[in-house]
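Data block for final20.txt (compact mmCIF, C-alpha atoms):
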```
# COMPACT_ATOMS: atom_id res chain seq x y z
CA MET A 163 0.00 0.00 0.00
CA LYS A 164 1.24 3.47 -0.85
CA LYS A 165 1.12 6.21 1.75
CA ILE A 166 0.19 9.88 1.89
CA LEU A 167 1.43 11.60 5.03
CA ILE A 168 -0.06 14.96 6.07
CA LEU A 169 1.77 17.00 8.70
CA GLY A 170 -0.72 19.27 10.47
CA ALA A 171 -4.45 18.98 11.14
CA GLY A 172 -5.29 22.65 10.85
CA THR A 173 -7.43 24.13 8.09
CA GLY A 174 -5.32 23.02 5.12
CA GLY A 175 -4.33 19.57 6.40
CA THR A 176 -7.86 18.64 7.51
CA MET A 177 -9.42 19.85 4.28
CA MET A 178 -6.95 17.88 2.15
CA ALA A 179 -7.37 14.72 4.23
CA ASN A 180 -11.09 14.81 3.45
CA LYS A 181 -10.63 15.51 -0.25
CA LEU A 182 -8.01 12.83 -0.77
CA ARG A 183 -9.78 10.16 1.26
CA LYS A 184 -12.92 10.55 -0.88
CA ALA A 185 -10.93 10.26 -4.12
CA LEU A 186 -8.41 7.48 -3.43
CA ASP A 187 -8.94 3.74 -3.19
CA ARG A 188 -8.48 2.68 0.44
CA GLU A 189 -6.79 -0.55 -0.57
CA GLU A 190 -4.21 1.30 -2.65
CA TRP A 191 -3.56 4.44 -0.60
CA GLY A 192 -3.28 4.87 3.15
CA ILE A 193 -3.56 8.40 4.56
CA THR A 194 -2.06 9.47 7.89
CA VAL A 195 -2.36 12.86 9.59
CA VAL A 196 0.03 13.93 12.36
CA ASP A 197 -0.60 16.82 14.75
CA LYS A 198 0.51 17.45 18.32
CA HIS A 199 -2.68 19.28 19.34
CA ARG A 200 -6.08 17.69 19.90
CA THR A 201 -8.05 20.95 19.69
CA HIS A 202 -9.06 22.70 16.47
CA TYR A 203 -9.51 26.46 16.79
CA TYR A 204 -11.58 28.61 14.48
CA GLN A 205 -8.91 31.27 14.42
CA PRO A 206 -10.93 34.02 12.66
CA GLY A 207 -13.21 33.91 15.71
CA PHE A 208 -10.42 35.06 18.04
CA LEU A 209 -11.03 38.60 16.72
CA PHE A 210 -14.52 38.66 18.23
CA ILE A 211 -13.67 37.31 21.69
CA PRO A 212 -12.18 40.52 23.18
CA PHE A 213 -15.44 42.35 22.44
CA GLY A 214 -17.74 39.65 23.80
CA ILE A 215 -19.23 38.85 20.36
CA TYR A 216 -18.02 35.24 20.51
CA ASP A 217 -17.18 33.20 23.56
CA LYS A 218 -14.73 30.33 23.84
CA HIS A 219 -17.32 27.71 22.89
CA ASP A 220 -17.75 29.31 19.44
CA VAL A 221 -14.15 28.72 18.38
CA VAL A 222 -13.16 25.34 19.84
CA LYS A 223 -13.86 21.77 18.65
CA PRO A 224 -11.94 18.45 18.76
CA LYS A 225 -9.74 17.88 15.70
CA SER A 226 -10.90 14.28 15.55
CA ASP A 227 -14.42 15.48 14.64
CA PHE A 228 -13.17 16.53 11.20
CA ILE A 229 -10.80 13.72 10.23
CA PRO A 230 -12.71 11.26 8.02
CA THR A 231 -13.09 7.54 8.58
CA GLY A 232 -10.26 5.71 6.90
CA VAL A 233 -7.62 8.31 7.82
CA GLU A 234 -5.19 7.52 10.63
CA LEU A 235 -4.79 10.44 13.06
CA ILE A 236 -1.67 10.45 15.22
CA TYR A 237 -1.20 12.96 18.05
CA ALA A 238 2.53 13.47 18.36
CA ASP A 239 5.34 16.01 18.13
CA ILE A 240 7.26 15.82 14.87
CA ASP A 241 11.00 15.67 15.31
CA LYS A 242 12.25 15.85 11.74
CA ILE A 243 11.44 15.30 8.07
CA VAL A 244 14.12 13.23 6.32
CA ALA A 245 13.10 14.07 2.78
CA GLU A 246 15.95 12.18 1.07
CA GLU A 247 14.64 8.95 2.62
CA ASN A 248 10.90 9.72 2.35
CA LYS A 249 10.33 9.44 6.08
CA VAL A 250 9.28 11.51 9.08
CA LEU A 251 10.66 11.00 12.58
CA LEU A 252 8.29 11.55 15.49
CA GLU A 253 9.43 12.33 19.02
CA GLY A 254 9.79 9.06 20.86
CA GLY A 255 11.43 7.34 17.91
CA LYS A 256 8.49 6.32 15.73
CA VAL A 257 9.21 6.49 11.99
CA LEU A 258 6.55 7.16 9.33
CA ASN A 259 7.33 6.43 5.70
CA TYR A 260 5.57 8.16 2.82
CA ASP A 261 5.23 8.19 -0.93
CA ILE A 262 3.72 11.68 -0.93
CA LEU A 263 4.20 14.21 1.87
CA LEU A 264 1.86 17.15 2.38
CA ILE A 265 3.21 19.84 4.69
CA ALA A 266 0.45 21.77 6.45
CA THR A 267 2.32 22.83 9.59
CA GLY A 268 1.06 26.42 9.48
CA THR A 269 2.56 29.40 11.24
CA HIS A 270 2.49 30.61 14.84
CA THR A 271 3.21 33.72 16.86
CA ALA A 272 6.64 34.24 18.41
CA PRO A 273 6.32 37.13 20.91
CA GLU A 274 9.72 36.28 22.37
CA ALA A 275 11.33 37.45 19.10
CA THR A 276 10.58 41.13 19.85
CA PRO A 277 12.59 42.64 22.73
CA GLY A 278 10.35 43.62 25.62
CA LEU A 279 7.16 42.13 24.20
CA LYS A 280 6.89 39.11 26.45
CA ASP A 281 7.96 41.04 29.53
CA LYS A 282 6.18 42.04 32.75
CA LEU A 283 3.18 43.66 30.98
CA TRP A 284 2.45 40.61 28.80
CA GLN A 285 -1.27 39.73 29.02
CA LYS A 286 -1.66 42.46 31.65
CA GLU A 287 -1.46 45.63 29.56
CA ILE A 288 0.10 44.11 26.43
CA PHE A 289 -1.99 41.53 24.58
CA ASP A 290 -2.29 39.62 21.35
CA PHE A 291 -5.58 38.29 19.98
CA TYR A 292 -3.98 35.79 17.59
CA THR A 293 -3.99 33.15 20.31
CA TYR A 294 -6.93 31.72 22.21
CA GLU A 295 -5.37 32.66 25.55
CA GLY A 296 -4.54 36.18 24.42
CA ALA A 297 -8.05 36.87 23.13
CA LEU A 298 -9.61 35.68 26.41
CA ALA A 299 -7.20 37.77 28.48
CA LEU A 300 -7.96 40.89 26.44
CA HIS A 301 -11.70 40.33 26.85
CA LYS A 302 -11.26 40.22 30.61
CA PHE A 303 -9.16 43.40 30.53
CA PHE A 304 -11.55 45.39 28.34
CA LYS A 305 -14.54 44.70 30.60
CA ASN A 306 -13.08 46.96 33.30
CA TRP A 307 -10.90 49.36 31.31
CA GLU A 308 -11.95 52.99 31.61
CA GLY A 309 -10.02 54.46 28.71
CA GLY A 310 -6.67 55.79 27.60
CA LYS A 311 -4.30 55.21 24.68
CA LEU A 312 -5.14 51.97 22.83
CA VAL A 313 -2.46 51.05 20.30
CA MET A 314 -2.90 48.27 17.74
CA ALA A 315 0.54 47.40 16.36
CA ILE A 316 2.04 44.97 13.84
CA THR A 317 5.60 43.83 14.49
CA GLU A 318 6.61 42.29 11.18
CA LEU A 319 5.44 40.84 7.85
CA PRO A 320 4.06 38.37 6.94
CA TYR A 321 1.37 37.51 9.50
CA LYS A 322 -1.88 35.57 9.49
CA CYS A 323 -5.00 37.31 8.20
CA PRO A 324 -3.65 40.71 7.09
CA VAL A 325 -7.02 42.47 7.57
CA ALA A 326 -7.53 41.36 11.19
CA PRO A 327 -5.74 44.36 12.79
CA ILE A 328 -7.97 46.72 10.78
CA GLU A 329 -11.03 44.79 11.90
CA PHE A 330 -9.81 44.98 15.49
CA VAL A 331 -9.61 48.77 15.62
CA CYS A 332 -13.01 49.07 13.92
CA LEU A 333 -14.63 46.74 16.44
CA ALA A 334 -12.86 48.60 19.25
CA ASP A 335 -14.38 51.84 17.97
CA GLU A 336 -17.85 50.25 18.10
CA TYR A 337 -17.26 48.56 21.46
CA PHE A 338 -16.14 51.68 23.31
CA THR A 339 -18.79 53.82 21.60
CA LYS A 340 -21.49 51.48 22.91
CA LYS A 341 -19.86 51.54 26.36
CA GLY A 342 -20.12 55.33 26.29
CA ILE A 343 -16.38 55.97 26.68
CA ARG A 344 -15.21 56.38 23.07
CA ASP A 345 -14.26 59.98 23.82
CA LYS A 346 -11.90 58.64 26.48
CA VAL A 347 -10.24 56.07 24.18
CA ASP A 348 -7.54 57.19 21.74
CA ILE A 349 -7.11 54.47 19.07
CA THR A 350 -3.93 54.26 17.00
CA PHE A 351 -3.11 51.72 14.29
CA VAL A 352 0.66 51.19 13.87
CA THR A 353 1.92 49.27 10.84
CA PRO A 354 5.18 48.63 8.95
CA LEU A 355 3.19 48.98 5.73
CA PRO A 356 3.04 52.33 3.90
CA GLY A 357 -0.72 52.42 4.58
CA ALA A 358 -3.61 50.50 6.07
CA PHE A 359 -3.28 47.60 3.60
CA THR A 360 -0.93 46.17 0.97
CA LYS A 361 -2.89 47.15 -2.18
CA PRO A 362 -3.36 50.80 -3.29
CA VAL A 363 -7.12 50.88 -3.99
CA ALA A 364 -8.03 49.05 -0.77
CA THR A 365 -5.48 51.07 1.21
CA LYS A 366 -7.06 54.35 0.14
CA LEU A 367 -10.57 53.19 1.03
CA LEU A 368 -9.57 51.68 4.37
CA GLY A 369 -7.44 54.68 5.29
CA GLU A 370 -10.34 57.06 4.68
CA MET A 371 -12.67 54.83 6.70
CA LEU A 372 -10.28 54.75 9.67
CA GLU A 373 -9.90 58.54 9.50
CA GLU A 374 -13.70 58.91 9.64
CA LYS A 375 -13.72 56.75 12.76
CA ASN A 376 -11.05 58.96 14.36
CA ILE A 377 -8.51 56.14 14.30
CA LYS A 378 -4.99 57.38 13.69
CA VAL A 379 -2.79 55.40 11.28
CA ILE A 380 1.00 55.48 11.73
CA PRO A 381 2.62 53.78 8.68
CA ASP A 382 6.20 52.69 8.01
CA PHE A 383 6.82 51.96 11.69
CA TYR A 384 9.24 49.10 12.33
CA ILE A 385 9.21 48.03 15.96
CA GLU A 386 12.67 47.51 17.46
CA ARG A 387 11.63 47.05 21.10
CA ILE A 388 8.92 47.68 23.68
CA ASP A 389 9.78 49.56 26.85
CA ASN A 390 7.54 48.15 29.59
CA ASP A 391 8.56 50.74 32.19
CA LYS A 392 7.83 53.78 30.00
CA LYS A 393 5.01 51.97 28.15
CA ILE A 394 6.24 52.96 24.71
CA LEU A 395 6.85 51.34 21.33
CA VAL A 396 10.31 52.20 19.96
CA SER A 397 11.14 51.95 16.26
CA PHE A 398 14.54 51.17 14.76
CA ASP A 399 14.96 54.90 14.05
CA GLU A 400 14.12 55.68 17.72
CA ILE A 401 10.61 57.08 17.16
CA GLU A 402 8.45 56.49 20.24
CA ILE A 403 4.71 55.77 20.53
CA PRO A 404 3.18 55.77 24.03
CA PHE A 405 0.38 53.39 25.04
CA ASP A 406 -1.82 52.56 28.01
CA VAL A 407 -2.86 49.26 26.51
CA LEU A 408 -1.07 47.63 23.59
CA THR A 409 -2.66 45.04 21.34
CA ILE A 410 -0.02 43.59 19.07
CA ILE A 411 0.50 41.11 16.26
CA PRO A 412 3.72 39.32 17.26
CA MET A 413 6.14 38.03 14.67
CA ASN A 414 4.73 35.02 12.82
CA ILE A 415 7.11 32.14 12.00
CA GLY A 416 6.75 28.67 10.55
CA SER A 417 7.09 25.41 12.42
CA GLY A 418 10.36 24.46 14.05
CA VAL A 419 10.27 21.08 12.33
CA ILE A 420 10.72 22.85 9.00
CA LYS A 421 13.89 24.49 10.31
CA ARG A 422 15.21 21.26 11.85
CA SER A 423 14.61 19.46 8.56
CA GLY A 424 16.45 22.01 6.43
CA LEU A 425 13.34 22.62 4.34
CA GLY A 426 12.60 26.26 5.17
CA ASP A 427 13.65 29.84 4.56
CA ASP A 428 14.80 32.17 7.35
CA MET A 429 11.21 32.39 8.65
CA ASN A 430 10.72 28.59 8.57
CA TYR A 431 8.38 28.71 5.57
CA VAL A 432 8.79 26.08 2.88
CA PRO A 433 9.98 27.37 -0.54
CA THR A 434 7.06 26.38 -2.74
CA ASN A 435 6.16 26.74 -6.40
CA LYS A 436 3.48 29.41 -6.18
CA PHE A 437 1.52 27.90 -9.07
CA THR A 438 1.71 24.11 -8.56
CA LEU A 439 2.13 24.17 -4.73
CA GLN A 440 4.91 21.62 -5.03
CA SER A 441 8.08 21.93 -2.94
CA ASP A 442 10.93 23.62 -4.78
CA GLN A 443 13.27 20.87 -3.51
CA TYR A 444 11.35 17.59 -3.70
CA GLU A 445 8.85 16.39 -6.30
CA ASN A 446 6.87 14.24 -3.84
CA ILE A 447 6.43 17.02 -1.26
CA PHE A 448 3.56 19.48 -1.52
CA VAL A 449 2.69 22.43 0.74
CA ILE A 450 -0.58 24.08 1.66
CA GLY A 451 -1.65 27.09 3.69
CA ASP A 452 0.50 29.19 5.98
CA ALA A 453 3.45 26.75 5.87
CA ALA A 454 4.30 27.84 2.31
CA ASN A 455 6.29 30.94 1.35
CA LEU A 456 3.68 31.98 -1.20
CA PRO A 457 3.46 35.74 -1.98
CA THR A 458 -0.17 35.91 -0.91
CA SER A 459 -2.20 36.31 2.27
CA LYS A 460 -1.79 33.79 5.06
CA ALA A 461 -5.53 33.24 5.41
CA GLY A 462 -8.06 30.43 5.43
CA SER A 463 -9.56 31.46 2.09
CA VAL A 464 -6.17 31.05 0.43
CA ALA A 465 -5.84 27.53 1.85
CA HIS A 466 -9.32 26.72 0.53
CA PHE A 467 -8.72 28.03 -2.99
CA ALA A 468 -5.21 26.56 -3.10
CA GLY A 469 -6.60 23.24 -1.90
CA GLU A 470 -8.66 22.83 -5.06
CA ILE A 471 -5.53 23.26 -7.20
CA LEU A 472 -3.39 21.14 -4.91
CA PHE A 473 -5.89 18.27 -5.05
CA GLU A 474 -5.72 18.26 -8.85
CA ASN A 475 -1.92 18.28 -8.82
CA ILE A 476 -1.57 15.52 -6.24
CA MET A 477 -3.93 13.37 -8.29
CA SER A 478 -1.84 14.15 -11.37
CA ALA A 479 1.35 13.18 -9.51
CA ILE A 480 -0.24 9.89 -8.39
CA GLU A 481 -1.24 9.10 -11.97
CA GLY A 482 2.12 10.14 -13.42
CA ARG A 483 0.74 13.13 -15.31
CA PRO A 484 2.24 16.66 -15.52
CA LEU A 485 1.10 19.12 -12.87
CA THR A 486 -1.06 21.35 -15.05
CA ALA A 487 -3.30 22.98 -12.43
CA GLN A 488 -2.08 26.50 -11.63
CA PHE A 489 -2.92 28.48 -8.46
CA ASP A 490 -3.32 32.22 -9.03
CA GLY A 491 -2.99 33.39 -5.41
CA HIS A 492 -6.73 33.89 -5.01
CA ALA A 493 -7.74 35.41 -1.66
CA ASN A 494 -11.16 36.49 -0.47
CA CYS A 495 -11.61 38.35 2.82
CA TYR A 496 -14.56 39.83 4.67
CA ILE A 497 -13.51 42.83 6.76
CA GLU A 498 -15.59 43.72 9.81
CA THR A 499 -15.91 47.51 9.99
CA GLY A 500 -18.12 47.76 13.07
CA PHE A 501 -21.76 48.61 13.73
CA GLY A 502 -23.06 45.62 11.78
CA LYS A 503 -21.27 46.38 8.51
CA GLY A 504 -18.37 44.96 6.57
CA LEU A 505 -16.24 45.15 3.44
CA LEU A 506 -15.31 42.37 1.05
CA ILE A 507 -12.11 42.14 -0.97
CA ASP A 508 -11.26 39.59 -3.68
CA PHE A 509 -7.80 39.52 -5.27
CA ASN A 510 -4.89 37.35 -6.41
CA TYR A 511 -1.17 37.49 -7.20
CA THR A 512 -1.53 40.13 -9.91
CA ILE A 513 -4.93 41.80 -9.46
CA GLU A 514 -5.58 43.98 -6.44
CA PRO A 515 -8.99 44.29 -4.73
CA LEU A 516 -11.41 46.04 -7.10
CA PRO A 517 -14.97 47.35 -6.66
CA GLY A 518 -17.89 45.33 -7.97
CA THR A 519 -20.21 42.53 -6.91
CA PHE A 520 -19.51 38.98 -5.70
CA PRO A 521 -19.97 36.17 -6.53
CA LEU A 522 -22.59 36.94 -9.20
CA PRO A 523 -21.94 39.86 -11.61
CA GLY A 524 -24.40 42.69 -11.00
CA ILE A 525 -26.31 40.67 -8.40
CA GLY A 526 -23.87 39.91 -5.59
CA PRO A 527 -25.29 39.59 -3.01
CA PHE A 528 -21.98 40.86 -1.64
CA GLY A 529 -20.44 44.19 -2.61
CA LEU A 530 -16.70 44.40 -3.28
CA LEU A 531 -15.02 47.34 -1.54
CA LYS A 532 -18.44 48.43 -0.27
CA ASN A 533 -19.29 48.88 3.40
CA THR A 534 -22.58 46.96 3.75
CA LYS A 535 -24.64 44.94 6.20
CA MET A 536 -24.68 42.01 3.76
CA ASN A 537 -20.89 41.76 3.92
CA HIS A 538 -21.12 41.64 7.71
CA TYR A 539 -23.57 38.77 7.45
CA GLY A 540 -21.15 37.01 5.11
CA LYS A 541 -18.46 37.21 7.78
CA ILE A 542 -20.76 35.83 10.47
CA ILE A 543 -22.13 33.04 8.27
CA PHE A 544 -18.62 31.94 7.37
CA ARG A 545 -18.11 30.35 10.81
CA TRP A 546 -20.85 27.81 10.03
CA ILE A 547 -19.43 27.27 6.54
CA TYR A 548 -15.97 26.69 8.03
CA TRP A 549 -17.07 23.97 10.46
CA HIS A 550 -19.58 22.22 8.20
CA ILE A 551 -18.29 22.62 4.64
CA LEU A 552 -14.75 23.93 4.26
CA LEU A 553 -13.00 21.64 6.77
CA LYS A 554 -14.81 18.62 5.40
CA GLY A 555 -13.49 19.28 1.92
CA LYS A 556 -16.87 19.95 0.39
CA GLU A 557 -17.40 22.18 -2.63
CA LEU A 558 -18.30 25.84 -2.21
CA PRO A 559 -20.13 27.82 -4.92
CA VAL A 560 -17.04 29.96 -5.53
CA GLU A 561 -14.38 29.28 -8.17
CA SER A 562 -10.89 28.51 -6.88
CA LEU A 563 -9.35 30.85 -9.47
CA MET A 564 -10.26 34.52 -9.22
CA SER A 565 -12.73 35.80 -11.79
CA MET A 566 -12.98 39.33 -13.15
CA ALA A 567 -16.75 38.88 -13.64
CA GLY A 568 -18.60 41.59 -11.73
CA LYS A 569 -15.44 43.62 -11.07
CA GLU A 570 -14.71 47.16 -12.25
CA ASN A 571 -11.20 47.14 -13.71
CA ILE A 572 -9.82 50.44 -12.45
CA GLN A 573 -6.18 49.37 -12.21
CA ASN A 574 -5.13 50.88 -15.54
```

Target format structure tokens, applied to this file:
Amino acid sequence: MKKILILGAGTGGTMMANKLRKALDREEWGITVVDKHRTHYYQPGFLFIPFGIYDKHDVVKPKSDFIPTGVELIYADIDKIVAEENKVLLEGGKVLNYDILLIATGTHTAPEATPGLKDKLWQKEIFDFYTYEGALALHKFFKNWEGGKLVMAITELPYKCPVAPIEFVCLADEYFTKKGIRDKVDITFVTPLPGAFTKPVATKLLGEMLEEKNIKVIPDFYIERIDNDKKILVSFDEIEIPFDVLTIIPMNIGSGVIKRSGLGDDMNYVPTNKFTLQSDQYENIFVIGDAANLPTSKAGSVAHFAGEILFENIMSAIEGRPLTAQFDGHANCYIETGFGKGLLIDFNYTIEPLPGTFPLPGIGPFGLLKNTKMNHYGKIIFRWIYWHILLKGKELPVESLMSMAGKENIQN
């Protein structure tokens, strides 16, 4: 029997386990998934926890609930990938052989990488919301906070879900307005980007929206350290930003097993062909989701769209055919803007977010680069879609490759 080995049971790994198990003969192909954690987190839901919109029960389920029958699930730490020998070493000495390896080890926050971040104010007056524990701690803090300087800062690129910090400051604006203390809360958004987002059209729109909400944007700020005693952010060129409470996106890095295996770049992401999703080094290794060094967003929608292409290419590899399916970097993100409204952006490697309607031209029901209630509902509904459709590898009524249908081409 031939073997497919999937490292990681997050969004990408779970989705691919479901797709492949449905397609492959169980007598010919065995599928094994390895992950050290038993709990699956709906990570987009962490954003809502600090503001009491979601609670912990909305974002947590057992990983085993989503691994299909006929797939072996092993809970273990991975020691090393020995790619030259087509095997993976687990801690404790167990060896797993493979014919095809799918790396879905994701990315994680590394607050210890920024001087002063994980110091005495950590999860007391300095928080992240990219972890379950951080989001819960921030929720507890906000319930009794009476105002001051709230700074939302990004340490370094890339990081998961690029729009989440923008959503955070928008929801903070709504939260403190409804608490009646918005006039006592000064909100500042600090980013190493030249604006609120990476693409010009979306950056202009989002920047104007934040200005209307009286949220200050400080661009081109590269954090060198955090002074816990003075409660200031310090940039590499010694510019200082004071805070009373700091919400921060720590540095994101890939899994340590990628580094130990000699398969990663300096951020532990696997060099990957951005079109075929095949490892640059080994023909029988493929990569999905945040583990790859793709020049696109590290977001669940990217893993979903890439998964459709990856499935085709793995099936081609199994059947000895050329890898003809090509991923275009398609990303699709709902952006919560507060007060029951949201934006939607749809883009890929070469085309930035454009105005229009999605997914049906002229009909929608969602508006691209429009601040609408329908887009907010799309964001909320996505949690159900994630648990019941996306993770289980089922088809969604959205093409994996980005379409220009319904979009206004204003790039030229």

Counting all atoms listed in the file, find residues at most 7 Å from (-11.3, 33.0, -0.1) (file frame) and give them as an mmCIF file with C-alpha atoms, in the coordinates of the input.
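Result file is point_11.cif:
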```cif
data_model
loop_
_atom_site.group_PDB
_atom_site.id
_atom_site.type_symbol
_atom_site.label_atom_id
_atom_site.label_comp_id
_atom_site.auth_asym_id
_atom_site.auth_seq_id
_atom_site.Cartn_x
_atom_site.Cartn_y
_atom_site.Cartn_z
ATOM 1 C CA GLY A 462 -8.060 30.430 5.430
ATOM 2 C CA SER A 463 -9.560 31.460 2.090
ATOM 3 C CA VAL A 464 -6.170 31.050 0.430
ATOM 4 C CA HIS A 466 -9.320 26.720 0.530
ATOM 5 C CA PHE A 467 -8.720 28.030 -2.990
ATOM 6 C CA HIS A 492 -6.730 33.890 -5.010
ATOM 7 C CA ALA A 493 -7.740 35.410 -1.660
ATOM 8 C CA ASN A 494 -11.160 36.490 -0.470
ATOM 9 C CA CYS A 495 -11.610 38.350 2.820
#
```

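Restricting the calculation to only C-alpha atoms, the smallest distance between Val313 of chain A and any of A:Ile377, A:Leu553, A:Met371, A:Ile265 is found for A:Ile377.
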
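Within 12 Å of the file-frame point (14.9, 32.9, 10.6), and using only C-alpha atoms, the polymer residues found are A:Ala272, A:Ala275, A:Met413, A:Asn414, A:Ile415, A:Gly416, A:Ser417, A:Gly418, A:Ile420, A:Lys421, A:Arg422, A:Gly424, A:Gly426, A:Asp427, A:Asp428, A:Met429, A:Asn430, A:Tyr431, A:Val432.
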
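One distance worth recording is that between atom CA of Phe208 of chain A and atom CA of Pro324 of chain A, which is 14.1 Å.
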
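When atom CA of Gly296 of chain A is paired with atom CA of Ile236 of chain A, their separation reads 27.5 Å.
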
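Reported to one decimal place, the separation of atom CA of Tyr548 of chain A from atom CA of Val233 of chain A is 20.2 Å.
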
Could you give me, as a Markdown table, a per-residue list for segment 183-289 of chain A showing, wherever an atom lies at most 6 Å from an atom of segment 398-411 of chain A, the closest pair of atoms and their distance in Å to one decimal, using only C-alpha atoms and sorting by chain then residue number from low to high?
```
| residue | atom | partner | partner_atom | distance |
| --- | --- | --- | --- | --- |
| A:Glu287 | CA | A:Val407 | CA | 4.9 |
| A:Ile288 | CA | A:Leu408 | CA | 4.7 |
| A:Phe289 | CA | A:Thr409 | CA | 4.8 |
```

As JSON, what would the box around segment 313-318 of chain A look like: edges along x, y and z, 6 Å added on every side, centre and edge lengths in Å to one decimal?
```
{"center_x": 1.9, "center_y": 46.7, "center_z": 15.7, "size_x": 21.5, "size_y": 20.8, "size_z": 21.1}
```

query = Could you pull the residues within 9 Å of Gly254 of chain A, counting all atoms listed in the file, minus those fewer than 6 positions along the same chain, as a count of residues only?
reply = 3

note = Restricting to only C-alpha atoms, whichever of A:Leu563, A:Leu531, A:Leu235, A:Ala453 is closest to Gly518 of chain A is A:Leu531

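Comparing the minimum interatomic distances between Asn390 of chain A and each of A:Gly342, A:Pro206, A:Pro484, A:Gly278, counting all atoms listed in the file, we find that A:Gly278 sits nearest.
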
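Residues in contact range of Ile388 of chain A, defined as at most 7 Å between only C-alpha atoms, with sequence neighbours fewer than 4 positions away removed, read Pro277, Gly278, Leu279, Ile394, Leu395 and Val396 of chain A.
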
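Checking A:Gly255, A:Pro212, A:Pro356, A:Gly268 one by one against Phe303 of chain A, counting all atoms listed in the file, you find the shortest gap at A:Pro212.
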
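Residues within 9 Å of segment 560-562 of chain A, counting only C-alpha atoms and excluding same-chain residues fewer than 5 positions away, are His466, Phe467, Ala468, Gly469, Glu470, Ile471, Phe489, Asp490, His492 and Pro521 of chain A.
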
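The protein and nucleic acid residues lying at most 9 Å from His301 of chain A are A:Ile211, A:Pro212, A:Phe213, A:Gly214, with all atoms listed in the file considered and sequence neighbours fewer than 6 positions away removed.
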
Export of prior selection with C-alpha atoms as a tab-separated table (two decimals), in the coordinates of the input:
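File written: part.tsv
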```tsv
chain	number	residue	atom	x	y	z
A	211	ILE	CA	-13.67	37.31	21.69
A	212	PRO	CA	-12.18	40.52	23.18
A	213	PHE	CA	-15.44	42.35	22.44
A	214	GLY	CA	-17.74	39.65	23.80
```

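Closest to Lys249 of chain A among A:Leu522, A:Met314, A:Ile447, A:Leu558 is A:Ile447, based on all atoms listed in the file.
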